[in-house]
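What follows is the content of final34.pdb (PDB, C-alpha atoms and all ligand atoms).
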ATOM      1  CA  MET P   1     153.279 -76.884  91.264
ATOM      2  CA  PHE P   2     154.039 -74.325  93.975
ATOM      3  CA  GLN P   3     157.638 -73.143  94.183
ATOM      4  CA  VAL P   4     159.854 -70.091  94.589
ATOM      5  CA  CYS P   5     163.099 -69.027  92.929
ATOM      6  CA  VAL P   6     165.242 -66.526  94.814
ATOM      7  CA  LEU P   7     167.000 -64.220  92.346
ATOM      8  CA  GLY P   8     168.833 -61.988  94.797
ATOM      9  CA  THR P   9     170.139 -62.330  98.364
ATOM     10  CA  SER P  10     172.186 -59.149  98.830
ATOM     11  CA  SER P  11     171.132 -56.018 100.688
ATOM     12  CA  ALA P  12     171.807 -52.486  99.430
ATOM     13  CA  VAL P  13     174.551 -53.306  96.907
ATOM     14  CA  PRO P  14     175.567 -56.402  94.918
ATOM     15  CA  ALA P  15     178.392 -58.231  96.668
ATOM     16  CA  PHE P  16     180.353 -61.489  96.349
ATOM     17  CA  GLY P  17     178.248 -62.642  93.410
ATOM     18  CA  ARG P  18     175.058 -61.983  95.340
ATOM     19  CA  ASN P  19     172.368 -59.934  93.587
ATOM     20  CA  LEU P  20     169.608 -57.608  94.733
ATOM     21  CA  SER P  21     166.170 -58.637  95.969
ATOM     22  CA  ALA P  22     163.678 -60.381  93.686
ATOM     23  CA  HIS P  23     161.723 -63.608  94.114
ATOM     24  CA  VAL P  24     159.628 -65.418  91.523
ATOM     25  CA  VAL P  25     156.823 -67.601  92.829
ATOM     26  CA  GLN P  26     155.210 -70.135  90.528
ATOM     27  CA  HIS P  27     151.780 -71.454  91.369
ATOM     28  CA  ASN P  28     150.535 -73.885  88.733
ATOM     29  CA  GLN P  29     150.551 -71.918  85.465
ATOM     30  CA  LYS P  30     150.988 -68.495  87.058
ATOM     31  CA  LEU P  31     154.061 -66.495  88.034
ATOM     32  CA  PHE P  32     154.282 -63.743  90.646
ATOM     33  CA  LEU P  33     157.246 -61.415  91.143
ATOM     34  CA  LEU P  34     158.120 -60.177  94.633
ATOM     35  CA  ASP P  35     160.403 -57.112  94.545
ATOM     36  CA  CYS P  36     162.420 -56.127  91.517
ATOM     37  CA  GLY P  37     165.963 -55.059  92.386
ATOM     38  CA  GLU P  38     168.327 -53.740  89.738
ATOM     39  CA  GLY P  39     169.236 -56.403  87.177
ATOM     40  CA  THR P  40     166.205 -58.589  87.829
ATOM     41  CA  GLN P  41     165.404 -59.029  84.137
ATOM     42  CA  PHE P  42     168.928 -60.278  83.415
ATOM     43  CA  ARG P  43     168.652 -62.870  86.160
ATOM     44  CA  LEU P  44     165.263 -63.964  84.859
ATOM     45  CA  ILE P  45     166.856 -64.618  81.477
ATOM     46  CA  ARG P  46     169.837 -66.412  83.022
ATOM     47  CA  ASN P  47     167.468 -68.663  84.966
ATOM     48  CA  ARG P  48     165.313 -69.232  81.870
ATOM     49  CA  ILE P  49     162.219 -67.788  83.529
ATOM     50  CA  ARG P  50     159.818 -66.363  80.951
ATOM     51  CA  LEU P  51     157.503 -63.744  82.285
ATOM     52  CA  ARG P  52     154.781 -64.175  79.707
ATOM     53  CA  ARG P  53     152.736 -65.801  82.434
ATOM     54  CA  LEU P  54     153.445 -63.049  84.980
ATOM     55  CA  SER P  55     150.195 -62.454  86.855
ATOM     56  CA  ALA P  56     151.129 -59.663  89.275
ATOM     57  CA  ILE P  57     154.076 -57.892  90.934
ATOM     58  CA  PHE P  58     154.357 -57.133  94.646
ATOM     59  CA  ILE P  59     156.862 -54.524  95.894
ATOM     60  CA  THR P  60     157.783 -54.441  99.578
ATOM     61  CA  HIS P  61     159.083 -50.875  99.801
ATOM     62  CA  LEU P  62     160.573 -48.017  97.849
ATOM     63  CA  HIS P  63     164.246 -48.483  98.682
ATOM     64  CA  GLY P  64     166.316 -48.639  95.503
ATOM     65  CA  ASP P  65     167.731 -52.125  96.077
ATOM     66  CA  HIS P  66     164.170 -53.500  95.827
ATOM     67  CA  ILE P  67     162.843 -51.437  92.887
ATOM     68  CA  TRP P  68     165.554 -50.121  90.564
ATOM     69  CA  GLY P  69     164.792 -52.952  88.148
ATOM     70  CA  LEU P  70     161.057 -52.366  87.915
ATOM     71  CA  ALA P  71     160.705 -49.701  85.192
ATOM     72  CA  GLY P  72     163.092 -51.608  82.927
ATOM     73  CA  LEU P  73     161.258 -54.870  83.385
ATOM     74  CA  LEU P  74     157.824 -53.312  82.783
ATOM     75  CA  THR P  75     159.146 -51.704  79.602
ATOM     76  CA  THR P  76     160.640 -54.969  78.370
ATOM     77  CA  LEU P  77     157.288 -56.697  78.820
ATOM     78  CA  SER P  78     155.783 -54.047  76.574
ATOM     79  CA  LEU P  79     158.511 -54.451  73.926
ATOM     80  CA  ASN P  80     157.860 -58.198  74.100
ATOM     81  CA  ALA P  81     154.273 -57.492  73.004
ATOM     82  CA  ARG P  82     152.513 -58.184  76.257
ATOM     83  CA  ALA P  83     148.873 -57.235  75.843
ATOM     84  CA  GLU P  84     147.302 -58.557  79.049
ATOM     85  CA  PRO P  85     146.762 -56.134  81.923
ATOM     86  CA  LEU P  86     149.256 -56.253  84.791
ATOM     87  CA  THR P  87     148.887 -55.058  88.376
ATOM     88  CA  VAL P  88     151.747 -53.874  90.559
ATOM     89  CA  TYR P  89     151.173 -53.560  94.300
ATOM     90  CA  GLY P  90     153.407 -51.521  96.592
ATOM     91  CA  PRO P  91     153.568 -48.628  99.060
ATOM     92  CA  LYS P  92     152.330 -45.124  98.364
ATOM     93  CA  GLY P  93     154.675 -43.334  95.978
ATOM     94  CA  LEU P  94     155.027 -46.295  93.632
ATOM     95  CA  ALA P  95     152.830 -44.696  90.966
ATOM     96  CA  GLN P  96     154.797 -41.455  90.987
ATOM     97  CA  PHE P  97     158.086 -43.377  90.929
ATOM     98  CA  LEU P  98     157.061 -45.268  87.795
ATOM     99  CA  GLN P  99     155.186 -42.519  85.982
ATOM    100  CA  MET P 100     158.104 -40.126  86.313
ATOM    101  CA  GLN P 101     160.506 -42.614  84.760
ATOM    102  CA  PHE P 102     158.107 -43.466  81.938
ATOM    103  CA  ALA P 103     157.460 -39.771  81.237
ATOM    104  CA  LEU P 104     161.126 -38.723  81.217
ATOM    105  CA  THR P 105     162.110 -41.621  78.952
ATOM    106  CA  HIS P 106     159.059 -41.244  76.682
ATOM    107  CA  SER P 107     158.128 -44.849  77.378
ATOM    108  CA  GLU P 108     154.592 -45.908  76.628
ATOM    109  CA  LEU P 109     153.471 -49.311  77.749
ATOM    110  CA  GLN P 110     151.415 -51.264  75.235
ATOM    111  CA  TYR P 111     149.440 -53.059  77.923
ATOM    112  CA  PRO P 112     147.246 -51.712  80.745
ATOM    113  CA  LEU P 113     149.275 -51.256  83.938
ATOM    114  CA  GLU P 114     147.380 -50.899  87.182
ATOM    115  CA  ILE P 115     149.263 -49.615  90.217
ATOM    116  CA  VAL P 116     147.732 -50.338  93.612
ATOM    117  CA  GLU P 117     149.243 -48.291  96.418
ATOM    118  CA  LEU P 118     149.164 -49.682  99.934
ATOM    119  CA  GLU P 119     148.934 -47.817 103.211
ATOM    120  CA  ALA P 120     149.727 -49.245 106.620
ATOM    121  CA  ALA P 121     146.554 -47.875 108.224
ATOM    122  CA  LEU P 122     144.340 -49.473 105.581
ATOM    123  CA  HIS P 123     146.063 -52.601 104.385
ATOM    124  CA  ASP P 124     147.584 -54.529 107.313
ATOM    125  CA  GLY P 125     146.374 -58.061 106.586
ATOM    126  CA  ALA P 126     144.472 -56.997 103.458
ATOM    127  CA  LEU P 127     143.624 -59.518 100.762
ATOM    128  CA  LEU P 128     145.071 -58.164  97.512
ATOM    129  CA  TYR P 129     144.739 -60.963  94.992
ATOM    130  CA  GLN P 130     142.878 -64.197  94.590
ATOM    131  CA  ASP P 131     142.127 -66.755  91.923
ATOM    132  CA  ASN P 132     140.498 -70.175  92.160
ATOM    133  CA  ARG P 133     143.367 -71.667  94.084
ATOM    134  CA  LEU P 134     145.525 -68.965  95.672
ATOM    135  CA  THR P 135     145.232 -65.842  97.818
ATOM    136  CA  ILE P 136     147.865 -63.145  98.330
ATOM    137  CA  SER P 137     147.633 -60.761 101.256
ATOM    138  CA  CYS P 138     149.985 -58.158 102.700
ATOM    139  CA  PHE P 139     151.015 -57.167 106.193
ATOM    140  CA  VAL P 140     152.975 -54.288 107.679
ATOM    141  CA  LEU P 141     156.700 -54.708 108.310
ATOM    142  CA  GLN P 142     158.786 -52.453 110.579
ATOM    143  CA  HIS P 143     161.284 -50.553 108.433
ATOM    144  CA  HIS P 144     162.397 -46.916 108.103
ATOM    145  CA  VAL P 145     159.947 -46.395 105.228
ATOM    146  CA  PRO P 146     156.483 -47.932 104.677
ATOM    147  CA  CYS P 147     157.110 -51.600 103.974
ATOM    148  CA  PHE P 148     154.895 -54.656 103.410
ATOM    149  CA  GLY P 149     155.435 -58.387 103.608
ATOM    150  CA  TYR P 150     153.360 -60.758 101.504
ATOM    151  CA  MET P 151     151.667 -64.051 102.255
ATOM    152  CA  LEU P 152     150.813 -66.394  99.374
ATOM    153  CA  ARG P 153     148.408 -69.039 100.563
ATOM    154  CA  GLU P 154     146.764 -71.872  98.678
ATOM    155  CA  LYS P 155     143.024 -72.124  99.205
ATOM    156  CA  PRO P 156     141.785 -75.268 100.961
ATOM    157  CA  LYS P 157     141.836 -78.114  98.485
ATOM    158  CA  ARG P 158     139.031 -80.510  97.647
ATOM    159  CA  ARG P 159     138.922 -83.974  99.150
ATOM    160  CA  ARG P 160     140.211 -86.682  96.874
ATOM    161  CA  LEU P 161     137.753 -89.243  95.436
ATOM    162  CA  VAL P 162     138.585 -92.841  96.327
ATOM    163  CA  ALA P 163     137.460 -94.117  92.935
ATOM    164  CA  ASP P 164     138.196 -97.785  93.683
ATOM    165  CA  ARG P 165     135.720 -97.772  96.522
ATOM    166  CA  ALA P 166     133.039 -96.133  94.377
ATOM    167  CA  HIS P 167     133.650 -98.651  91.586
ATOM    168  CA  ALA P 168     133.499-101.549  94.044
ATOM    169  CA  ASP P 169     130.097-100.371  95.256
ATOM    170  CA  GLY P 170     128.845-100.160  91.673
ATOM    171  CA  ILE P 171     128.387 -96.392  91.562
ATOM    172  CA  PRO P 172     128.280 -95.361  87.878
ATOM    173  CA  LYS P 173     130.929 -92.877  86.744
ATOM    174  CA  GLU P 174     128.399 -90.204  85.850
ATOM    175  CA  TYR P 175     127.797 -89.698  89.581
ATOM    176  CA  PHE P 176     131.458 -89.105  90.428
ATOM    177  CA  HIS P 177     131.182 -85.336  89.980
ATOM    178  CA  LEU P 178     128.538 -85.288  92.725
ATOM    179  CA  LEU P 179     130.806 -87.268  95.016
ATOM    180  CA  LYS P 180     133.660 -84.827  94.370
ATOM    181  CA  GLN P 181     131.362 -81.919  95.205
ATOM    182  CA  GLU P 182     130.375 -83.705  98.438
ATOM    183  CA  VAL P 183     126.732 -83.875  97.342
ATOM    184  CA  GLY P 184     124.584 -86.812  98.485
ATOM    185  CA  PHE P 185     122.183 -88.504  96.013
ATOM    186  CA  THR P 186     119.940 -91.500  95.450
ATOM    187  CA  LEU P 187     120.824 -94.126  92.830
ATOM    188  CA  PRO P 188     118.116 -95.566  90.483
ATOM    189  CA  ASP P 189     118.231 -98.769  92.556
ATOM    190  CA  GLY P 190     117.143 -96.745  95.595
ATOM    191  CA  ARG P 191     120.463 -96.672  97.471
ATOM    192  CA  GLU P 192     121.164 -93.451  99.376
ATOM    193  CA  ILE P 193     124.772 -92.441  98.753
ATOM    194  CA  ASP P 194     126.782 -90.533 101.362
ATOM    195  CA  PRO P 195     129.742 -88.884  99.592
ATOM    196  CA  ASN P 196     131.840 -88.906 102.769
ATOM    197  CA  HIS P 197     132.197 -92.652 102.387
ATOM    198  CA  TYR P 198     134.025 -92.174  99.071
ATOM    199  CA  LEU P 199     136.216 -89.178  99.820
ATOM    200  CA  GLY P 200     139.679 -89.204 101.342
ATOM    201  CA  PRO P 201     141.199 -86.290 103.259
ATOM    202  CA  PRO P 202     141.883 -83.084 101.322
ATOM    203  CA  LEU P 203     145.381 -82.597  99.962
ATOM    204  CA  PRO P 204     147.298 -80.185 102.178
ATOM    205  CA  ALA P 205     147.308 -76.490 101.211
ATOM    206  CA  TYR P 206     150.684 -74.734 101.407
ATOM    207  CA  SER P 207     151.838 -71.149 101.890
ATOM    208  CA  TYR P 208     154.828 -68.864 101.374
ATOM    209  CA  ALA P 209     155.667 -65.845 103.532
ATOM    210  CA  TYR P 210     157.975 -63.095 102.233
ATOM    211  CA  CYS P 211     159.369 -60.847 104.963
ATOM    212  CA  THR P 212     161.901 -58.174 103.953
ATOM    213  CA  ASP P 213     162.991 -55.519 104.972
ATOM    214  CA  THR P 214     162.159 -55.386 108.646
ATOM    215  CA  GLN P 215     163.548 -55.027 112.109
ATOM    216  CA  TYR P 216     162.634 -57.748 114.590
ATOM    217  CA  ALA P 217     158.822 -57.514 114.540
ATOM    218  CA  PRO P 218     156.750 -60.068 116.486
ATOM    219  CA  SER P 219     153.685 -58.171 115.181
ATOM    220  CA  ILE P 220     154.031 -60.112 111.923
ATOM    221  CA  VAL P 221     153.759 -63.516 113.603
ATOM    222  CA  PRO P 222     149.952 -63.847 113.293
ATOM    223  CA  HIS P 223     150.202 -63.034 109.578
ATOM    224  CA  VAL P 224     152.773 -65.725 108.795
ATOM    225  CA  ARG P 225     151.712 -68.382 111.291
ATOM    226  CA  HIS P 226     152.203 -71.952 110.035
ATOM    227  CA  ALA P 227     153.615 -70.806 106.687
ATOM    228  CA  THR P 228     154.983 -73.841 104.903
ATOM    229  CA  LEU P 229     158.063 -71.837 103.911
ATOM    230  CA  MET P 230     159.120 -68.409 105.130
ATOM    231  CA  TYR P 231     161.773 -66.090 103.702
ATOM    232  CA  HIS P 232     162.981 -63.598 106.291
ATOM    233  CA  GLU P 233     165.726 -61.063 105.974
ATOM    234  CA  ALA P 234     168.834 -61.628 108.090
ATOM    235  CA  THR P 235     170.970 -58.659 107.134
ATOM    236  CA  PHE P 236     173.326 -58.869 110.122
ATOM    237  CA  LEU P 237     174.910 -61.295 112.555
ATOM    238  CA  ASP P 238     173.872 -61.130 116.200
ATOM    239  CA  ASP P 239     176.825 -59.021 117.364
ATOM    240  CA  MET P 240     175.419 -56.268 115.122
ATOM    241  CA  ALA P 241     172.017 -56.212 116.847
ATOM    242  CA  GLN P 242     172.459 -52.545 117.692
ATOM    243  CA  ARG P 243     173.193 -51.661 114.075
ATOM    244  CA  ALA P 244     170.261 -53.841 112.974
ATOM    245  CA  ALA P 245     167.915 -51.863 115.221
ATOM    246  CA  GLU P 246     169.306 -48.532 113.979
ATOM    247  CA  THR P 247     168.861 -49.479 110.327
ATOM    248  CA  ALA P 248     165.533 -51.318 110.868
ATOM    249  CA  HIS P 249     166.906 -54.680 109.814
ATOM    250  CA  SER P 250     167.079 -58.109 111.497
ATOM    251  CA  THR P 251     169.859 -60.359 112.688
ATOM    252  CA  ALA P 252     170.034 -64.054 111.830
ATOM    253  CA  SER P 253     168.720 -65.221 115.184
ATOM    254  CA  GLN P 254     165.949 -62.599 115.163
ATOM    255  CA  ALA P 255     164.755 -63.963 111.811
ATOM    256  CA  ALA P 256     164.842 -67.455 113.291
ATOM    257  CA  ASP P 257     162.950 -66.315 116.363
ATOM    258  CA  ILE P 258     160.092 -65.062 114.187
ATOM    259  CA  ALA P 259     160.067 -68.464 112.427
ATOM    260  CA  ARG P 260     159.993 -70.237 115.802
ATOM    261  CA  GLN P 261     157.148 -68.111 117.158
ATOM    262  CA  ALA P 262     155.150 -68.476 113.952
ATOM    263  CA  GLU P 263     155.769 -72.255 113.873
ATOM    264  CA  VAL P 264     156.569 -72.148 110.171
ATOM    265  CA  GLY P 265     157.631 -75.309 108.382
ATOM    266  CA  GLN P 266     160.972 -74.081 107.099
ATOM    267  CA  LEU P 267     162.931 -70.838 107.025
ATOM    268  CA  ILE P 268     165.211 -69.456 104.336
ATOM    269  CA  ILE P 269     167.213 -66.349 105.198
ATOM    270  CA  GLY P 270     168.670 -63.725 102.878
ATOM    271  CA  HIS P 271     169.232 -59.984 102.302
ATOM    272  CA  PHE P 272     172.784 -60.326 103.579
ATOM    273  CA  SER P 273     174.909 -57.255 104.220
ATOM    274  CA  ALA P 274     177.864 -56.714 101.885
ATOM    275  CA  ARG P 275     180.142 -56.778 104.948
ATOM    276  CA  TYR P 276     179.837 -60.595 105.018
ATOM    277  CA  HIS P 277     181.534 -62.834 102.474
ATOM    278  CA  ASP P 278     181.139 -66.104 104.325
ATOM    279  CA  LEU P 279     177.617 -66.818 105.605
ATOM    280  CA  THR P 280     178.328 -69.825 107.801
ATOM    281  CA  GLN P 281     177.713 -67.877 110.987
ATOM    282  CA  HIS P 282     174.355 -66.611 109.756
ATOM    283  CA  LEU P 283     173.300 -70.203 109.334
ATOM    284  CA  GLU P 284     174.707 -71.310 112.694
ATOM    285  CA  GLN P 285     173.119 -68.475 114.637
ATOM    286  CA  ALA P 286     169.728 -68.988 112.990
ATOM    287  CA  ARG P 287     169.787 -72.766 113.396
ATOM    288  CA  ALA P 288     170.504 -72.394 117.102
ATOM    289  CA  VAL P 289     167.022 -70.853 117.375
ATOM    290  CA  PHE P 290     165.180 -72.534 114.496
ATOM    291  CA  PRO P 291     166.925 -75.711 113.292
ATOM    292  CA  ASP P 292     165.181 -75.999 109.925
ATOM    293  CA  THR P 293     166.843 -72.876 108.521
ATOM    294  CA  HIS P 294     168.610 -72.642 105.154
ATOM    295  CA  LEU P 295     170.648 -69.911 103.492
ATOM    296  CA  ALA P 296     168.749 -68.636 100.457
ATOM    297  CA  GLU P 297     170.634 -69.658  97.331
ATOM    298  CA  GLU P 298     170.111 -67.757  94.119
ATOM    299  CA  GLY P 299     168.718 -69.590  91.111
ATOM    300  CA  ILE P 300     167.383 -72.559  93.113
ATOM    301  CA  TRP P 301     163.701 -73.457  92.914
ATOM    302  CA  TYR P 302     162.485 -74.208  96.424
ATOM    303  CA  PRO P 303     159.330 -76.319  96.594
ATOM    304  CA  ILE P 304     156.684 -74.659  98.735
ATOM    305  CA  ALA P 305     155.910 -77.949 100.416
ATOM    306  CA  PRO P 306     157.689 -79.847 103.169
ATOM    307  CA  PHE P 307     161.183 -80.682 101.822
TER     308      PHE P 307
HETATM  309 ZN    ZN M 401     165.145 -51.370 102.737
END
Show me, as structure tokens, the structure contained in the file I just sent.
Ligand SMILES: [Zn+2]
Amino acid sequence: MFQVCVLGTSSAVPAFGRNLSAHVVQHNQKLFLLDCGEGTQFRLIRNRIRLRRLSAIFITHLHGDHIWGLAGLLTTLSLNARAEPLTVYGPKGLAQFLQMQFALTHSELQYPLEIVELEAALHDGALLYQDNRLTISCFVLQHHVPCFGYMLREKPKRRRLVADRAHADGIPKEYFHLLKQEVGFTLPDGREIDPNHYLGPPLPAYSYAYCTDTQYAPSIVPHVRHATLMYHEATFLDDMAQRAAETAHSTASQAADIARQAEVGQLIIGHFSARYHDLTQHLEQARAVFPDTHLAEEGIWYPIAPF
């Protein structure tokens, strides 16, 4: 199971029922939180997402609309008796931002919190997290303050055993683990077994790219190339390209152009300015450049697989 739930699609302020940035990615039994705008914990509850299985948090940058919810959420986890350690990744300043709030509110977390601060000069493309099946790396975005995108990528999967074929050739079950590990062996009857004969192609490995906030930045293309699904901010429409450049944000067609260059599978756009109620034009302008574009909808679980 590899999927993402978008909890907020508004930039700067809540508007028209749209909330502030936060994404929850589920990979098998683990959950990862990307950004934590104000109100994130309420939207987690509303969407029945329990963070007991939260493995790590990744913050893009220290603008309030992406982090005002973080101290509250971390405190709630503590009140909910979390005991497992938790790591939060984000730009330099994140530790001071959190420690000051905890100190002034006399909040003491009952679990070990590790804060990993990222720097552009050191961490562009850096691998931050990995388990048996997934890696998470960061890359530098172009914003007015230090800002990082994140790439969640499944590790290459094992080839699938074609058990029927092995059965048909009379290979006893106790040898199947060797086949799965692609190890050759000799049976008691003297037959040399080549595992390749009994293995199908590997299942495809998928990936999710999270790109917000940023001005149009082709420098990120190598980092997100062939992502199965990419989220890219599209704060403005194309007639506001000048304003987008001034505020270090992207227009709808700029987001789509990054998707096109990176040859991603699908694009969802979000981080919409509060000046827009109707988002039809965002979709039209993006689709003119990258047809498989969708408006991010809050509360929907998007499969990170071709859909
Ligand atoms: Zn920002």
Taking all atoms listed in the file into account, produce a table as a tab-separated table in which each residue of chain P with an atom at most 9 Å from an atom of ligand ZN 401 (chain M) appears once, together with its shortest atom pair and the distance in Å to one decimal, ordered by chain and rising number.
residue	atom	partner	partner_atom	distance
P:Ser11	CA	M:ZN401	ZN	7.9
P:Ala12	CA	M:ZN401	ZN	7.5
P:Thr60	CA	M:ZN401	ZN	8.6
P:His61	CA	M:ZN401	ZN	6.8
P:Leu62	CA	M:ZN401	ZN	7.5
P:His63	CA	M:ZN401	ZN	5.1
P:Gly64	CA	M:ZN401	ZN	7.8
P:Asp65	CA	M:ZN401	ZN	7.2
P:His66	CA	M:ZN401	ZN	7.3
P:His143	CA	M:ZN401	ZN	6.9
P:His144	CA	M:ZN401	ZN	7.5
P:Val145	CA	M:ZN401	ZN	7.6
P:Cys147	CA	M:ZN401	ZN	8.1
P:Thr212	CA	M:ZN401	ZN	7.6
P:Asp213	CA	M:ZN401	ZN	5.2
P:Thr214	CA	M:ZN401	ZN	7.7
P:Thr247	CA	M:ZN401	ZN	8.7
P:Ala248	CA	M:ZN401	ZN	8.1
P:His249	CA	M:ZN401	ZN	8.0
- request: Just give me the residues with any atom within 7 Å of (159.6, -60.9, 90.7), file coordinates, counting only C-alpha atoms, written as a ChimeraX atom specification.
  value: /P:22-24,32-36,57
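Nearest residue to P:Ala205, choosing from P:Gly39, P:Pro172, P:Pro112, P:Pro156 and counting only C-alpha atoms: P:Pro156.
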query: What residues come out when you apply the PyMOL selection byres (((chain P and resi 116) around 12) and not hetatm) to this file, written as a PyMOL selection string?
result: chain P and resi 56-59+86-96+113-115+117-119+123+128-129
task: Show which residues sit within 8 Å of P:Arg159, as a PyMOL selection string. Count only C-alpha atoms, and ignore same-chain residues fewer than 2 positions away.
output: chain P and resi 157+161+180+199-203
field: P:Thr280 surroundings by all atoms listed in the file, 9 Å radius, close-in-sequence under 4 positions cut, as a PyMOL selection string
entry: chain P and resi 284-285+295
task: Enter the distance from atom CA of P:Ile136 to atom CA of P:Met151, in Å, rounded to one decimal.
output: 5.5 Å
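One finds atom CA of P:Met1 at 14.4 Å from atom CA of P:Leu229.
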message: Please return as a ChimeraX atom specification every residue within 6 Å of (161.4, -73.0, 108.6), taking into account all atoms listed in the file and the file's own coordinates.
response: /P:229,264-267,292-293
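Nearest residue to P:Lys155, choosing from P:Pro204, P:Gly125, P:Gly17, P:Pro195 and counting only C-alpha atoms: P:Pro204.
In this comparison, which uses only C-alpha atoms, the residue of P:Ala234, P:Leu20, P:Val140, P:Leu152 approaching P:Leu283 most closely is P:Ala234.
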task: Just the residues within 12 Å of P:Leu179, please, counting all atoms listed in the file, with nothing from its chain fewer than 6 positions along; format it as a list in words.
output: Arg158, Arg159, Arg160, Leu161, Val162, Ala163, Arg165, Ala166, Ile171, Pro172, Lys173, Phe185, Thr186, Ile193, Asp194, Pro195, Asn196, His197, Tyr198, Leu199 and Gly200 of chain P
Residue nearest P:Leu127 - candidates P:His232, P:Arg52, P:Arg82, P:His223, atoms counted: all atoms listed in the file: P:His223
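Distances from P:Glu233, P:Glu182, P:Asp239, P:Glu246 to P:Gly270 were compared using all atoms listed in the file, and the smallest one belongs to P:Glu233.
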query: In Å, with one decimal, what is the gap from atom CA of P:Ala305 to atom CA of P:Phe139?
result: 22.1 Å
Which residues, named as in the file, does the PyMOL selection byres (((chain P and resi 216) around 9) and not hetatm) pick out? Answer as a PDB file with C-alpha atoms, keeping the file's coordinate frame.
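Result went into selection.pdb, see below:
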ATOM      1  CA  GLN P 142     158.786 -52.453 110.579  1.00  0.00           C
ATOM      2  CA  THR P 214     162.159 -55.386 108.646  1.00  0.00           C
ATOM      3  CA  GLN P 215     163.548 -55.027 112.109  1.00  0.00           C
ATOM      4  CA  ALA P 217     158.822 -57.514 114.540  1.00  0.00           C
ATOM      5  CA  PRO P 218     156.750 -60.068 116.486  1.00  0.00           C
ATOM      6  CA  SER P 219     153.685 -58.171 115.181  1.00  0.00           C
ATOM      7  CA  ALA P 244     170.261 -53.841 112.974  1.00  0.00           C
ATOM      8  CA  ALA P 245     167.915 -51.863 115.221  1.00  0.00           C
ATOM      9  CA  ALA P 248     165.533 -51.318 110.868  1.00  0.00           C
ATOM     10  CA  HIS P 249     166.906 -54.680 109.814  1.00  0.00           C
ATOM     11  CA  SER P 250     167.079 -58.109 111.497  1.00  0.00           C
ATOM     12  CA  THR P 251     169.859 -60.359 112.688  1.00  0.00           C
ATOM     13  CA  GLN P 254     165.949 -62.599 115.163  1.00  0.00           C
ATOM     14  CA  ALA P 255     164.755 -63.963 111.811  1.00  0.00           C
ATOM     15  CA  ASP P 257     162.950 -66.315 116.363  1.00  0.00           C
ATOM     16  CA  ILE P 258     160.092 -65.062 114.187  1.00  0.00           C
TER      17      ILE P 258
END
- request: Determine, counting only C-alpha atoms, which protein, DNA and RNA residues have an atom within 10 Å of an atom of P:Phe2; residues of the same chain fewer than 6 positions away are not included. Present the result as a PyMOL selection string.
  value: chain P and resi 25-31+154+206-208+301-305
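Closest approach to P:Leu73 among P:Arg43, P:Arg260, P:His167, P:His106: P:Arg43, based on all atoms listed in the file.
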Chain and number of each residue from the PyMOL selection byres (((chain P and resi 278) around 12) and not hetatm), as a PDB file with C-alpha atoms, in the frame of the given file:
ATOM      1  CA  ALA P  15     178.392 -58.231  96.668  1.00  0.00           C
ATOM      2  CA  PHE P  16     180.353 -61.489  96.349  1.00  0.00           C
ATOM      3  CA  GLY P  17     178.248 -62.642  93.410  1.00  0.00           C
ATOM      4  CA  ARG P  18     175.058 -61.983  95.340  1.00  0.00           C
ATOM      5  CA  LEU P 237     174.910 -61.295 112.555  1.00  0.00           C
ATOM      6  CA  PHE P 272     172.784 -60.326 103.579  1.00  0.00           C
ATOM      7  CA  SER P 273     174.909 -57.255 104.220  1.00  0.00           C
ATOM      8  CA  ALA P 274     177.864 -56.714 101.885  1.00  0.00           C
ATOM      9  CA  ARG P 275     180.142 -56.778 104.948  1.00  0.00           C
ATOM     10  CA  TYR P 276     179.837 -60.595 105.018  1.00  0.00           C
ATOM     11  CA  HIS P 277     181.534 -62.834 102.474  1.00  0.00           C
ATOM     12  CA  LEU P 279     177.617 -66.818 105.605  1.00  0.00           C
ATOM     13  CA  THR P 280     178.328 -69.825 107.801  1.00  0.00           C
ATOM     14  CA  GLN P 281     177.713 -67.877 110.987  1.00  0.00           C
ATOM     15  CA  HIS P 282     174.355 -66.611 109.756  1.00  0.00           C
ATOM     16  CA  LEU P 283     173.300 -70.203 109.334  1.00  0.00           C
ATOM     17  CA  GLU P 284     174.707 -71.310 112.694  1.00  0.00           C
ATOM     18  CA  LEU P 295     170.648 -69.911 103.492  1.00  0.00           C
TER      19      LEU P 295
END
